[in-house]
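Here is the structure we will look at.
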Amino acid sequence: MKTLFSKIQDNYYSILKILLFLIAIVIVIFVSPKANMFKFEFSVGTPWNHTDLIAPFDFSILKTEAQIVEEKKQIADNFKPYFKYDEFAVTDGKKRLNKDFEEAWSANYEDSKVLKYKRYKKALSNIFDYVEGKGVIQYNSVLEGKDKSFILRLIKGNEVEEVRLNRFFDIRSANDYAFEIITDLDTDDSTLLKNIISYSLVQNVFYDETVSTADLNELMANILPSHGLIQKGELIISTGELVTTDKYQMLSSLKREYEKESGTSESKGFIVAGLSLLIILMFLIEFLYLRIYLNDKYESLKNIVLVLMSQVILISLADFVFYNYPELTYVIPYAILPIIITAFLGSRFALISHIITILILGFFAPNSFEFFYTQFTAGFIAIFAVKDLGKRADIFRTSLWVFVTYMVVYISMLFVQEGTLDNFSFTFMEYTAGSSILLLLSFPIIFIYEKMFGIVTHLSLLELSNTNNPLLRELSQKAPGTFQHSIQVANLASDVLHEIGGDALLARTGAMYHDIGKMKNPMYFIENQGMGENLHDELAYEDSARIIIGHVLDGIEMARKDGLPEQIIDFIRTHHGTRRVEYFYRLEKKLNPGVEIDKAEFTYHGPIPFSRETAVVMMADSVEAASKSLKQPTEQNINDLVDNIIADHMAKNQFVNANITMRDITVATKVLKKKLLSINHVRIAYPD
């Protein structure tokens, strides 16, 4: 037991990575649809390349979306809307008629004209009753474009009857009818009577939106999703037969019923087991690839977390859409995964992660082959487009290239399957355009990941290496000599890493900041003193060494206060490693012969470089600073200087923790010599 515990303790980091993969596998299995997969691939316009397909059970043929849309259109076009007869409006109108007549009579006539009074009142009452009895309909948009023979349904009391539109008056025709009857009375009082009836007639037939909408929705809901029946044992399609639109609907219907029935049968346990094995296999391939071929990236736990978390989120989102909104399959920005991983971990890491993710999603995506081919191609184009992600415009360009790729693949598929563009879908184009635009979410996600995982991308490095950055601008003002030295070191380190391989931009940016601690006491460093008095002349050698060594700790403090990433601070920590301040150490030793000197007082606190980039910056920093002390910077002097300094670093074990080889160091030495010769304008001596 003790031995087992010790092994676990010794290998806990590797065990933790395996555990992360297992957690990702469990989540992906949990969110994935548990229905059985229809094992045949098919598409319109292509031959059926499988054996003859016999119906394994009875099933209905699903209608196409176009058929359902057409049925809904027919129902809407033939729908008879509901209008309601308003008795209360008629009653109020009749009261207003009687009141207006009485007031008009009293104002214009004497009591002796009783016969005319009765005649006029009865005539107006008859006109009102006839018009309102037939109904005065209020205009509504549902009547637009309808002719007089259009049938609607009239709700009157508790009864509903179908009537034609020409039965009703509108307010204008009602007035015209009333005026015509009054004119036929042939009386001098027609103007008065027309005014009275005009103000009394009311609209009493109104569109009933509530009842109409409810009835129309019920009719729409009753549309059957299928038509026709395929019986068990019936031949659906033969080998080599072309998949027509009708055959495609039969096959799609069978696929739907097959997956639905399998998902509810006793075989569900086998389905889950098979699904689990497939997902485990995919992640196992990814694990082995990372472990064997990308071990340098695999060693970092946060790299594994970043990749697996991104994959799980994308797979979970896609599976949700596949199951609930399959029509939105191509809206999801699948290429965002390789873009993000390329930005942080490089294109090789992104390639394997993208392939595994698309393979897993291909199990469940509608039209699996088309989905995989489309997303596989778009993802690779995205990786190629952002391989050297150096500015934010690169993601905009990538978004455009991905959209173009979608269109090329889609049109190619149409040509292969149908031989024509007649069925080109603008909806698909809109979906893929939306997906391409959503790739711009890479901006905020990259920013969030940088903060979450403490990994800097080339985008951030470019911003940090800009000399207008506040910290670098302050360095150029307070310690101009140090600033120039930092630029030279950055150039040297970048050139070396371009030759031996490595992150040249990271080294360049780290070199720009490696000496920012000198801003605290700039005049104690020779590159800032000029021809003036050396302040170290007034200090003890131990104090001078303490100030020189202190610029590392001061730099770390300034960098953290300014919010610089830890990867940049690493260059400040390591650029002197655990070497001594030899100049003041030797002076102290000379001043106190025979006295044991405390070497710790003259030694940097470290740590030593632990990456290829920090090791190269240490070399570049040392040789650049030392080259300034050469009185005669000849080719031989520079060559000897570089050889001696790097040999001293190696003798003091400054590179033992860095992933840099002897070959890399040899190449770096040659590059540094060549660049220093160029900087010091030394011509190489050619043989006679």
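By convention here, the chains of the structure tokens are called A, B, ... in the order presented, each chain's residues are numbered starting at 1, and ligands are numbered starting at 1 in the order presented.
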Problem - Nearby residues (only C-alpha atoms) at most 12 Å from Asp394 of chain A, same-chain spacing under 5 positions excluded, as a ChimeraX atom specification - result: /A:339,343,382-389,399-401,439-440,442-443,458-459
Got time to write the residues from that selection, all heavy atoms, as a short mmCIF file (atom, residue, chain, number, x, y, z; two decimals), in the first residue's frame?
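Result file follows (selection29.cif):
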```cif
data_model
loop_
_atom_site.label_atom_id
_atom_site.label_comp_id
_atom_site.auth_asym_id
_atom_site.auth_seq_id
_atom_site.Cartn_x
_atom_site.Cartn_y
_atom_site.Cartn_z
N ILE A 339 -9.23 28.09 -34.11
CA ILE A 339 -8.68 29.45 -34.06
C ILE A 339 -8.11 29.73 -32.67
O ILE A 339 -6.98 30.22 -32.51
CB ILE A 339 -9.75 30.49 -34.43
CG1 ILE A 339 -10.09 30.41 -35.91
CG2 ILE A 339 -9.29 31.91 -34.07
CD1 ILE A 339 -11.22 31.32 -36.33
N ALA A 343 -4.14 30.08 -31.49
CA ALA A 343 -3.66 31.31 -30.87
C ALA A 343 -2.84 31.02 -29.62
O ALA A 343 -1.85 31.72 -29.34
CB ALA A 343 -4.83 32.23 -30.54
N ALA A 382 -9.25 27.76 -41.47
CA ALA A 382 -9.12 28.69 -40.34
C ALA A 382 -7.74 28.57 -39.70
O ALA A 382 -7.11 29.58 -39.36
CB ALA A 382 -10.21 28.41 -39.30
N ILE A 383 -7.25 27.34 -39.55
CA ILE A 383 -5.92 27.13 -38.96
C ILE A 383 -4.84 27.73 -39.84
O ILE A 383 -3.92 28.41 -39.36
CB ILE A 383 -5.67 25.63 -38.73
CG1 ILE A 383 -6.60 25.10 -37.63
CG2 ILE A 383 -4.21 25.38 -38.34
CD1 ILE A 383 -6.59 23.60 -37.50
N PHE A 384 -4.94 27.50 -41.16
CA PHE A 384 -3.95 28.07 -42.07
C PHE A 384 -3.98 29.59 -42.04
O PHE A 384 -2.94 30.25 -42.11
CB PHE A 384 -4.20 27.59 -43.50
CG PHE A 384 -4.11 26.10 -43.67
CD1 PHE A 384 -4.86 25.45 -44.64
CD2 PHE A 384 -3.29 25.35 -42.84
CE1 PHE A 384 -4.78 24.07 -44.78
CE2 PHE A 384 -3.21 23.97 -42.98
CZ PHE A 384 -3.96 23.32 -43.95
N ALA A 385 -5.18 30.17 -41.91
CA ALA A 385 -5.33 31.63 -41.95
C ALA A 385 -4.78 32.31 -40.70
O ALA A 385 -4.32 33.45 -40.77
CB ALA A 385 -6.80 32.00 -42.15
N VAL A 386 -4.84 31.61 -39.55
CA VAL A 386 -4.38 32.24 -38.30
C VAL A 386 -3.08 31.63 -37.79
O VAL A 386 -2.70 31.84 -36.65
CB VAL A 386 -5.45 32.15 -37.18
CG1 VAL A 386 -6.69 32.89 -37.58
CG2 VAL A 386 -5.77 30.70 -36.84
N LYS A 387 -2.38 30.88 -38.66
CA LYS A 387 -1.16 30.21 -38.22
C LYS A 387 -0.16 31.20 -37.63
O LYS A 387 0.48 30.95 -36.62
CB LYS A 387 -0.51 29.48 -39.40
CG LYS A 387 0.73 28.70 -39.03
CD LYS A 387 1.30 27.95 -40.23
CE LYS A 387 2.51 27.12 -39.83
NZ LYS A 387 3.62 27.93 -39.32
N ASP A 388 -0.02 32.36 -38.26
CA ASP A 388 0.87 33.40 -37.75
C ASP A 388 0.04 34.58 -37.27
O ASP A 388 0.14 35.69 -37.80
CB ASP A 388 1.86 33.85 -38.84
CG ASP A 388 2.75 32.71 -39.29
OD1 ASP A 388 3.26 31.98 -38.42
OD2 ASP A 388 2.94 32.54 -40.51
N LEU A 389 -0.82 34.30 -36.30
CA LEU A 389 -1.72 35.32 -35.80
C LEU A 389 -0.92 36.46 -35.19
O LEU A 389 -0.39 36.35 -34.09
CB LEU A 389 -2.67 34.70 -34.76
CG LEU A 389 -3.79 35.60 -34.22
CD1 LEU A 389 -4.70 36.04 -35.34
CD2 LEU A 389 -4.59 34.85 -33.16
N SER A 399 -12.37 34.93 -40.82
CA SER A 399 -13.83 34.82 -40.90
C SER A 399 -14.29 34.84 -42.35
O SER A 399 -15.16 34.05 -42.76
CB SER A 399 -14.47 35.97 -40.12
OG SER A 399 -15.87 35.96 -40.27
N LEU A 400 -13.70 35.72 -43.15
CA LEU A 400 -14.06 35.80 -44.57
C LEU A 400 -13.66 34.52 -45.31
O LEU A 400 -14.45 33.98 -46.10
CB LEU A 400 -13.37 37.01 -45.21
CG LEU A 400 -13.60 37.20 -46.71
CD1 LEU A 400 -15.08 37.39 -47.01
CD2 LEU A 400 -12.78 38.40 -47.22
N TRP A 401 -12.45 34.02 -45.05
CA TRP A 401 -11.99 32.80 -45.72
C TRP A 401 -12.85 31.60 -45.36
O TRP A 401 -13.12 30.74 -46.21
CB TRP A 401 -10.53 32.52 -45.37
CG TRP A 401 -9.57 33.30 -46.20
CD1 TRP A 401 -8.70 34.27 -45.80
CD2 TRP A 401 -9.35 33.18 -47.62
NE1 TRP A 401 -7.98 34.77 -46.86
CE2 TRP A 401 -8.35 34.11 -47.99
CE3 TRP A 401 -9.92 32.37 -48.60
CZ2 TRP A 401 -7.91 34.25 -49.30
CZ3 TRP A 401 -9.47 32.50 -49.92
CH2 TRP A 401 -8.48 33.43 -50.25
N LEU A 439 -17.37 33.87 -35.58
CA LEU A 439 -15.95 33.58 -35.32
C LEU A 439 -15.26 34.78 -34.68
O LEU A 439 -14.21 34.63 -34.05
CB LEU A 439 -15.24 33.21 -36.62
CG LEU A 439 -15.65 31.88 -37.27
CD1 LEU A 439 -14.85 31.65 -38.54
CD2 LEU A 439 -15.44 30.72 -36.32
N LEU A 440 -15.84 35.97 -34.85
CA LEU A 440 -15.25 37.16 -34.23
C LEU A 440 -15.33 37.11 -32.71
O LEU A 440 -14.68 37.90 -32.02
CB LEU A 440 -15.94 38.43 -34.75
CG LEU A 440 -15.86 38.65 -36.27
CD1 LEU A 440 -16.57 39.94 -36.67
CD2 LEU A 440 -14.41 38.69 -36.74
N SER A 442 -13.93 35.09 -31.17
CA SER A 442 -12.57 34.70 -30.77
C SER A 442 -11.89 35.80 -29.98
O SER A 442 -11.11 35.53 -29.07
CB SER A 442 -11.73 34.37 -32.01
OG SER A 442 -12.33 33.38 -32.79
N PHE A 443 -12.18 37.07 -30.34
CA PHE A 443 -11.55 38.20 -29.63
C PHE A 443 -11.81 38.14 -28.13
O PHE A 443 -10.86 38.04 -27.34
CB PHE A 443 -12.08 39.54 -30.18
CG PHE A 443 -11.56 39.88 -31.54
CD1 PHE A 443 -12.41 40.31 -32.53
CD2 PHE A 443 -10.21 39.79 -31.83
CE1 PHE A 443 -11.93 40.63 -33.79
CE2 PHE A 443 -9.73 40.11 -33.08
CZ PHE A 443 -10.59 40.54 -34.06
N HIS A 458 0.17 35.77 -29.24
CA HIS A 458 0.98 36.69 -30.04
C HIS A 458 0.32 38.06 -30.14
O HIS A 458 1.00 39.08 -30.28
CB HIS A 458 1.21 36.10 -31.43
CG HIS A 458 2.32 35.10 -31.44
ND1 HIS A 458 2.94 34.67 -32.59
CD2 HIS A 458 2.94 34.43 -30.43
CE1 HIS A 458 3.89 33.80 -32.30
NE2 HIS A 458 3.89 33.62 -30.99
N LEU A 459 -1.03 38.07 -30.08
CA LEU A 459 -1.72 39.37 -30.13
C LEU A 459 -1.33 40.23 -28.94
O LEU A 459 -1.01 41.42 -29.08
CB LEU A 459 -3.24 39.14 -30.13
CG LEU A 459 -3.83 38.49 -31.38
CD1 LEU A 459 -5.30 38.19 -31.16
CD2 LEU A 459 -3.66 39.39 -32.59
#
```
Lys297 of chain A surroundings by only C-alpha atoms, 12 Å radius, close-in-sequence under 4 positions cut, as an mmCIF file with N, CA, C and O atoms, in the first residue's frame:
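Output below, filename out30.cif:
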```
data_model
loop_
_atom_site.group_PDB
_atom_site.id
_atom_site.type_symbol
_atom_site.label_atom_id
_atom_site.label_comp_id
_atom_site.auth_asym_id
_atom_site.auth_seq_id
_atom_site.Cartn_x
_atom_site.Cartn_y
_atom_site.Cartn_z
ATOM 1 N N PHE A 287 -5.315 11.897 -26.825
ATOM 2 C CA PHE A 287 -4.385 11.801 -25.698
ATOM 3 C C PHE A 287 -3.029 11.265 -26.154
ATOM 4 O O PHE A 287 -1.981 11.822 -25.818
ATOM 5 N N TYR A 289 -1.756 11.169 -29.189
ATOM 6 C CA TYR A 289 -1.086 12.088 -30.115
ATOM 7 C C TYR A 289 -0.382 13.209 -29.346
ATOM 8 O O TYR A 289 0.776 13.537 -29.617
ATOM 9 N N LEU A 290 -1.089 13.780 -28.380
ATOM 10 C CA LEU A 290 -0.493 14.859 -27.590
ATOM 11 C C LEU A 290 0.689 14.337 -26.779
ATOM 12 O O LEU A 290 1.731 14.995 -26.681
ATOM 13 N N ARG A 291 0.504 13.159 -26.209
ATOM 14 C CA ARG A 291 1.552 12.600 -25.338
ATOM 15 C C ARG A 291 2.821 12.246 -26.117
ATOM 16 O O ARG A 291 3.927 12.434 -25.636
ATOM 17 N N ILE A 292 2.647 11.749 -27.345
ATOM 18 C CA ILE A 292 3.794 11.264 -28.116
ATOM 19 C C ILE A 292 4.410 12.357 -28.984
ATOM 20 O O ILE A 292 5.630 12.533 -29.008
ATOM 21 N N TYR A 293 3.567 13.110 -29.699
ATOM 22 C CA TYR A 293 4.079 14.041 -30.704
ATOM 23 C C TYR A 293 4.121 15.495 -30.246
ATOM 24 O O TYR A 293 4.821 16.307 -30.846
ATOM 25 N N LEU A 301 -0.282 21.402 -17.590
ATOM 26 C CA LEU A 301 -1.640 21.016 -17.217
ATOM 27 C C LEU A 301 -2.669 22.016 -17.735
ATOM 28 O O LEU A 301 -3.755 21.641 -18.178
ATOM 29 N N LYS A 302 -2.325 23.315 -17.710
ATOM 30 C CA LYS A 302 -3.299 24.319 -18.142
ATOM 31 C C LYS A 302 -3.572 24.219 -19.640
ATOM 32 O O LYS A 302 -4.669 24.577 -20.096
ATOM 33 N N ASN A 303 -2.601 23.717 -20.414
ATOM 34 C CA ASN A 303 -2.847 23.485 -21.839
ATOM 35 C C ASN A 303 -3.928 22.430 -22.033
ATOM 36 O O ASN A 303 -4.828 22.580 -22.862
ATOM 37 N N ILE A 304 -3.836 21.352 -21.248
ATOM 38 C CA ILE A 304 -4.820 20.270 -21.335
ATOM 39 C C ILE A 304 -6.205 20.777 -20.927
ATOM 40 O O ILE A 304 -7.209 20.492 -21.585
ATOM 41 N N VAL A 305 -6.256 21.548 -19.845
ATOM 42 C CA VAL A 305 -7.541 22.087 -19.374
ATOM 43 C C VAL A 305 -8.149 22.996 -20.431
ATOM 44 O O VAL A 305 -9.351 22.934 -20.725
ATOM 45 N N LEU A 306 -7.334 23.859 -21.025
ATOM 46 C CA LEU A 306 -7.819 24.801 -22.040
ATOM 47 C C LEU A 306 -8.436 24.058 -23.215
ATOM 48 O O LEU A 306 -9.557 24.387 -23.658
ATOM 49 N N VAL A 307 -7.744 23.056 -23.720
ATOM 50 C CA VAL A 307 -8.225 22.332 -24.897
ATOM 51 C C VAL A 307 -9.478 21.531 -24.573
ATOM 52 O O VAL A 307 -10.489 21.609 -25.286
ATOM 53 N N ILE A 341 -7.316 27.571 -30.213
ATOM 54 C CA ILE A 341 -6.208 26.702 -29.824
ATOM 55 C C ILE A 341 -4.936 27.080 -30.583
ATOM 56 O O ILE A 341 -3.835 27.042 -30.024
ATOM 57 N N PHE A 344 -3.210 29.990 -28.864
ATOM 58 C CA PHE A 344 -2.533 29.712 -27.599
ATOM 59 C C PHE A 344 -1.441 28.638 -27.718
ATOM 60 O O PHE A 344 -0.375 28.774 -27.114
ATOM 61 N N LEU A 345 -1.731 27.588 -28.475
ATOM 62 C CA LEU A 345 -0.861 26.408 -28.434
ATOM 63 C C LEU A 345 -0.276 26.016 -29.776
ATOM 64 O O LEU A 345 0.487 25.055 -29.847
ATOM 65 N N GLY A 346 -0.638 26.701 -30.829
ATOM 66 C CA GLY A 346 -0.068 26.397 -32.126
ATOM 67 C C GLY A 346 -0.963 25.548 -33.000
ATOM 68 O O GLY A 346 -1.935 24.936 -32.546
ATOM 69 N N SER A 347 -0.616 25.500 -34.282
ATOM 70 C CA SER A 347 -1.477 24.859 -35.280
ATOM 71 C C SER A 347 -1.524 23.339 -35.128
ATOM 72 O O SER A 347 -2.558 22.720 -35.369
ATOM 73 N N ARG A 348 -0.417 22.691 -34.724
ATOM 74 C CA ARG A 348 -0.414 21.231 -34.605
ATOM 75 C C ARG A 348 -1.386 20.767 -33.520
ATOM 76 O O ARG A 348 -2.100 19.772 -33.692
ATOM 77 N N PHE A 349 -1.403 21.457 -32.419
ATOM 78 C CA PHE A 349 -2.347 21.147 -31.339
ATOM 79 C C PHE A 349 -3.775 21.360 -31.829
ATOM 80 O O PHE A 349 -4.692 20.583 -31.535
ATOM 81 N N ALA A 350 -3.978 22.452 -32.604
ATOM 82 C CA ALA A 350 -5.319 22.782 -33.096
ATOM 83 C C ALA A 350 -5.825 21.744 -34.089
ATOM 84 O O ALA A 350 -7.019 21.407 -34.095
#
```
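Excluding Ile358 of chain A and any residue on its chain fewer than 5 positions from it, the residues at most 8 Å away by only C-alpha atoms are Phe372, Gln375 and Phe376 of chain A.
For the set A:Met619, A:Leu641, A:Leu471, A:Ile223, the residue with the smallest atom-to-atom gap to Gly563 of chain A is A:Leu471, counting only C-alpha atoms.
When only C-alpha atoms are used to compute distances to Lys94 of chain A, the closest of the residues A:Leu317, A:Val44, A:Leu535, A:Val202 turns out to be A:Val202.
When only C-alpha atoms are used to compute distances to Thr51 of chain A, the closest of the residues A:Leu235, A:Val131, A:Ile446, A:Ala559 turns out to be A:Leu235.
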Practice task
Pull the alpha helix (DSSP H) assignments for segment 417-555 of chain A out of DSSP run on the backbone, and list those residues as a ChimeraX atom specification.
Solution key: /A:417-418,426-438,442-453,458-464,470-478,480-500,504-513,541-555
Dump as an mmCIF file, in the first residue's frame, selection limited to C-alpha atoms:
```
data_model
loop_
_atom_site.group_PDB
_atom_site.id
_atom_site.type_symbol
_atom_site.label_atom_id
_atom_site.label_comp_id
_atom_site.auth_asym_id
_atom_site.auth_seq_id
_atom_site.Cartn_x
_atom_site.Cartn_y
_atom_site.Cartn_z
ATOM 1 C CA GLN A 417 -25.473 15.654 -56.007
ATOM 2 C CA GLU A 418 -27.872 17.492 -58.301
ATOM 3 C CA PHE A 426 -30.023 31.284 -49.504
ATOM 4 C CA THR A 427 -31.040 30.199 -46.014
ATOM 5 C CA PHE A 428 -27.955 27.981 -45.834
ATOM 6 C CA MET A 429 -25.852 30.907 -47.038
ATOM 7 C CA GLU A 430 -27.314 33.101 -44.290
ATOM 8 C CA TYR A 431 -26.601 30.443 -41.658
ATOM 9 C CA THR A 432 -22.976 30.007 -42.732
ATOM 10 C CA ALA A 433 -22.530 33.770 -42.957
ATOM 11 C CA GLY A 434 -23.801 34.020 -39.388
ATOM 12 C CA SER A 435 -21.433 31.236 -38.325
ATOM 13 C CA SER A 436 -18.504 33.046 -39.959
ATOM 14 C CA ILE A 437 -19.410 36.315 -38.240
ATOM 15 C CA LEU A 438 -19.626 34.509 -34.893
ATOM 16 C CA SER A 442 -12.571 34.697 -30.773
ATOM 17 C CA PHE A 443 -11.553 38.199 -29.635
ATOM 18 C CA PRO A 444 -13.300 38.188 -26.232
ATOM 19 C CA ILE A 445 -12.753 34.450 -25.692
ATOM 20 C CA ILE A 446 -8.999 34.776 -26.263
ATOM 21 C CA PHE A 447 -8.938 37.687 -23.817
ATOM 22 C CA ILE A 448 -10.881 35.687 -21.196
ATOM 23 C CA TYR A 449 -8.645 32.642 -21.671
ATOM 24 C CA GLU A 450 -5.524 34.769 -21.295
ATOM 25 C CA LYS A 451 -6.760 35.966 -17.917
ATOM 26 C CA MET A 452 -8.091 32.561 -16.887
ATOM 27 C CA PHE A 453 -5.088 30.425 -17.838
ATOM 28 C CA HIS A 458 0.978 36.693 -30.035
ATOM 29 C CA LEU A 459 -1.724 39.365 -30.130
ATOM 30 C CA SER A 460 -0.947 40.371 -26.559
ATOM 31 C CA LEU A 461 2.800 40.062 -27.107
ATOM 32 C CA LEU A 462 2.624 42.462 -30.042
ATOM 33 C CA GLU A 463 0.777 44.981 -27.896
ATOM 34 C CA LEU A 464 3.260 44.579 -25.039
ATOM 35 C CA PRO A 470 3.560 53.091 -20.871
ATOM 36 C CA LEU A 471 6.175 50.982 -19.042
ATOM 37 C CA LEU A 472 8.576 50.944 -22.000
ATOM 38 C CA ARG A 473 8.035 54.644 -22.619
ATOM 39 C CA GLU A 474 8.873 55.308 -18.964
ATOM 40 C CA LEU A 475 12.013 53.155 -19.349
ATOM 41 C CA SER A 476 13.110 55.179 -22.394
ATOM 42 C CA GLN A 477 12.723 58.408 -20.408
ATOM 43 C CA LYS A 478 14.268 57.375 -17.075
ATOM 44 C CA PRO A 480 17.561 55.687 -22.082
ATOM 45 C CA GLY A 481 20.766 53.642 -22.157
ATOM 46 C CA THR A 482 19.001 50.640 -20.663
ATOM 47 C CA PHE A 483 16.184 51.104 -23.140
ATOM 48 C CA GLN A 484 18.587 50.970 -26.088
ATOM 49 C CA HIS A 485 20.317 47.955 -24.554
ATOM 50 C CA SER A 486 16.936 46.206 -24.204
ATOM 51 C CA ILE A 487 16.087 46.821 -27.846
ATOM 52 C CA GLN A 488 19.429 45.362 -28.933
ATOM 53 C CA VAL A 489 18.946 42.303 -26.721
ATOM 54 C CA ALA A 490 15.426 41.850 -28.099
ATOM 55 C CA ASN A 491 16.738 41.926 -31.670
ATOM 56 C CA LEU A 492 19.552 39.487 -30.905
ATOM 57 C CA ALA A 493 17.290 37.024 -29.070
ATOM 58 C CA SER A 494 14.691 37.177 -31.828
ATOM 59 C CA ASP A 495 17.279 36.473 -34.516
ATOM 60 C CA VAL A 496 18.687 33.509 -32.590
ATOM 61 C CA LEU A 497 15.261 31.920 -32.049
ATOM 62 C CA HIS A 498 14.365 32.312 -35.700
ATOM 63 C CA GLU A 499 17.404 30.120 -36.403
ATOM 64 C CA ILE A 500 17.141 27.464 -33.685
ATOM 65 C CA ALA A 504 10.839 34.567 -31.146
ATOM 66 C CA LEU A 505 8.081 37.061 -30.341
ATOM 67 C CA LEU A 506 7.867 35.911 -26.719
ATOM 68 C CA ALA A 507 11.656 36.258 -26.328
ATOM 69 C CA ARG A 508 11.631 39.645 -28.019
ATOM 70 C CA THR A 509 8.893 40.938 -25.732
ATOM 71 C CA GLY A 510 10.535 39.475 -22.608
ATOM 72 C CA ALA A 511 13.852 41.068 -23.574
ATOM 73 C CA MET A 512 12.180 44.468 -23.909
ATOM 74 C CA TYR A 513 11.193 44.280 -20.227
ATOM 75 C CA TYR A 541 31.449 47.051 -3.089
ATOM 76 C CA GLU A 542 28.790 45.045 -1.244
ATOM 77 C CA ASP A 543 26.342 47.972 -1.510
ATOM 78 C CA SER A 544 27.085 48.361 -5.199
ATOM 79 C CA ALA A 545 26.472 44.662 -5.746
ATOM 80 C CA ARG A 546 23.234 44.899 -3.755
ATOM 81 C CA ILE A 547 21.958 47.702 -6.035
ATOM 82 C CA ILE A 548 22.966 45.828 -9.188
ATOM 83 C CA ILE A 549 21.334 42.596 -7.976
ATOM 84 C CA GLY A 550 18.299 44.499 -6.728
ATOM 85 C CA HIS A 551 17.237 45.561 -10.221
ATOM 86 C CA VAL A 552 15.869 42.042 -10.761
ATOM 87 C CA LEU A 553 13.574 42.153 -7.735
ATOM 88 C CA ASP A 554 12.652 45.767 -8.508
ATOM 89 C CA GLY A 555 11.766 44.742 -12.057
#
```
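Those residues that approach Gly157 of chain A to within 8 Å, counting only C-alpha atoms, are Tyr85, Ile155 and Glu159 of chain A; same-chain residues fewer than 2 positions away are not listed.
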Practice task
Please provide as a PyMOL selection string all residues within 9 Å of Phe150 of chain A, with the sequence filter that same-chain residues fewer than 2 positions apart are discarded (counting only C-alpha atoms).
Solution key: chain A and resi 80+143+146-148+152+163-166
Next, write the just-selected residues to a file, as a compact mmCIF listing (two decimals), in the first residue's frame, keeping N, CA and C atoms as the atom set.
```
# COMPACT_ATOMS: atom_id res chain seq x y z
N LYS A 80 -61.78 30.98 -43.56
CA LYS A 80 -62.93 31.89 -43.47
C LYS A 80 -62.87 32.58 -42.11
N LEU A 143 -59.61 41.37 -45.12
CA LEU A 143 -60.50 41.46 -46.28
C LEU A 143 -59.81 42.04 -47.50
N LYS A 146 -59.99 40.69 -51.24
CA LYS A 146 -61.08 39.72 -51.35
C LYS A 146 -62.21 40.33 -52.19
N ASP A 147 -62.81 39.47 -53.05
CA ASP A 147 -63.93 39.98 -53.84
C ASP A 147 -65.23 39.82 -53.05
N LYS A 148 -66.30 40.29 -53.66
CA LYS A 148 -67.58 40.31 -52.94
C LYS A 148 -68.14 38.91 -52.66
N LEU A 152 -67.24 34.59 -45.30
CA LEU A 152 -66.75 34.71 -43.93
C LEU A 152 -67.79 34.12 -42.98
N VAL A 163 -71.55 33.56 -44.52
CA VAL A 163 -72.21 34.54 -45.40
C VAL A 163 -71.17 35.12 -46.35
N ARG A 164 -71.65 35.61 -47.47
CA ARG A 164 -70.75 36.22 -48.44
C ARG A 164 -70.54 37.69 -48.09
N LEU A 165 -69.42 38.18 -48.51
CA LEU A 165 -69.07 39.57 -48.18
C LEU A 165 -70.04 40.57 -48.79
N ASN A 166 -70.65 40.21 -49.94
CA ASN A 166 -71.56 41.17 -50.60
C ASN A 166 -72.88 41.35 -49.88
```
Exercise for the section: Could you tell me, as a count of residues only, which residues of segment 154-215 of chain A DSSP assigns to strand (DSSP E or B) when given the backbone? Expected result: 13
Handout entry: Between atom CA of Tyr323 of chain A and atom CA of Pro33 of chain A, distance in Å (one decimal)
Key = 7.2 Å
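You will find atom CA of Phe168 of chain A at 6.2 Å from atom CA of Ile137 of chain A.
Note that atom CA of Gly45 of chain A and atom CA of Phe59 of chain A are 23.4 Å apart.
If only C-alpha atoms are the atoms counted, then among A:Gln138, A:Thr245, A:Asn469, A:Thr91 the closest residue to Asn423 of chain A is A:Thr245.
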Handout entry: Best match for closeness to Phe30 of chain A among A:Leu193, A:Ile455, A:Val312, A:Val136, counting only C-alpha atoms
Key = A:Val312
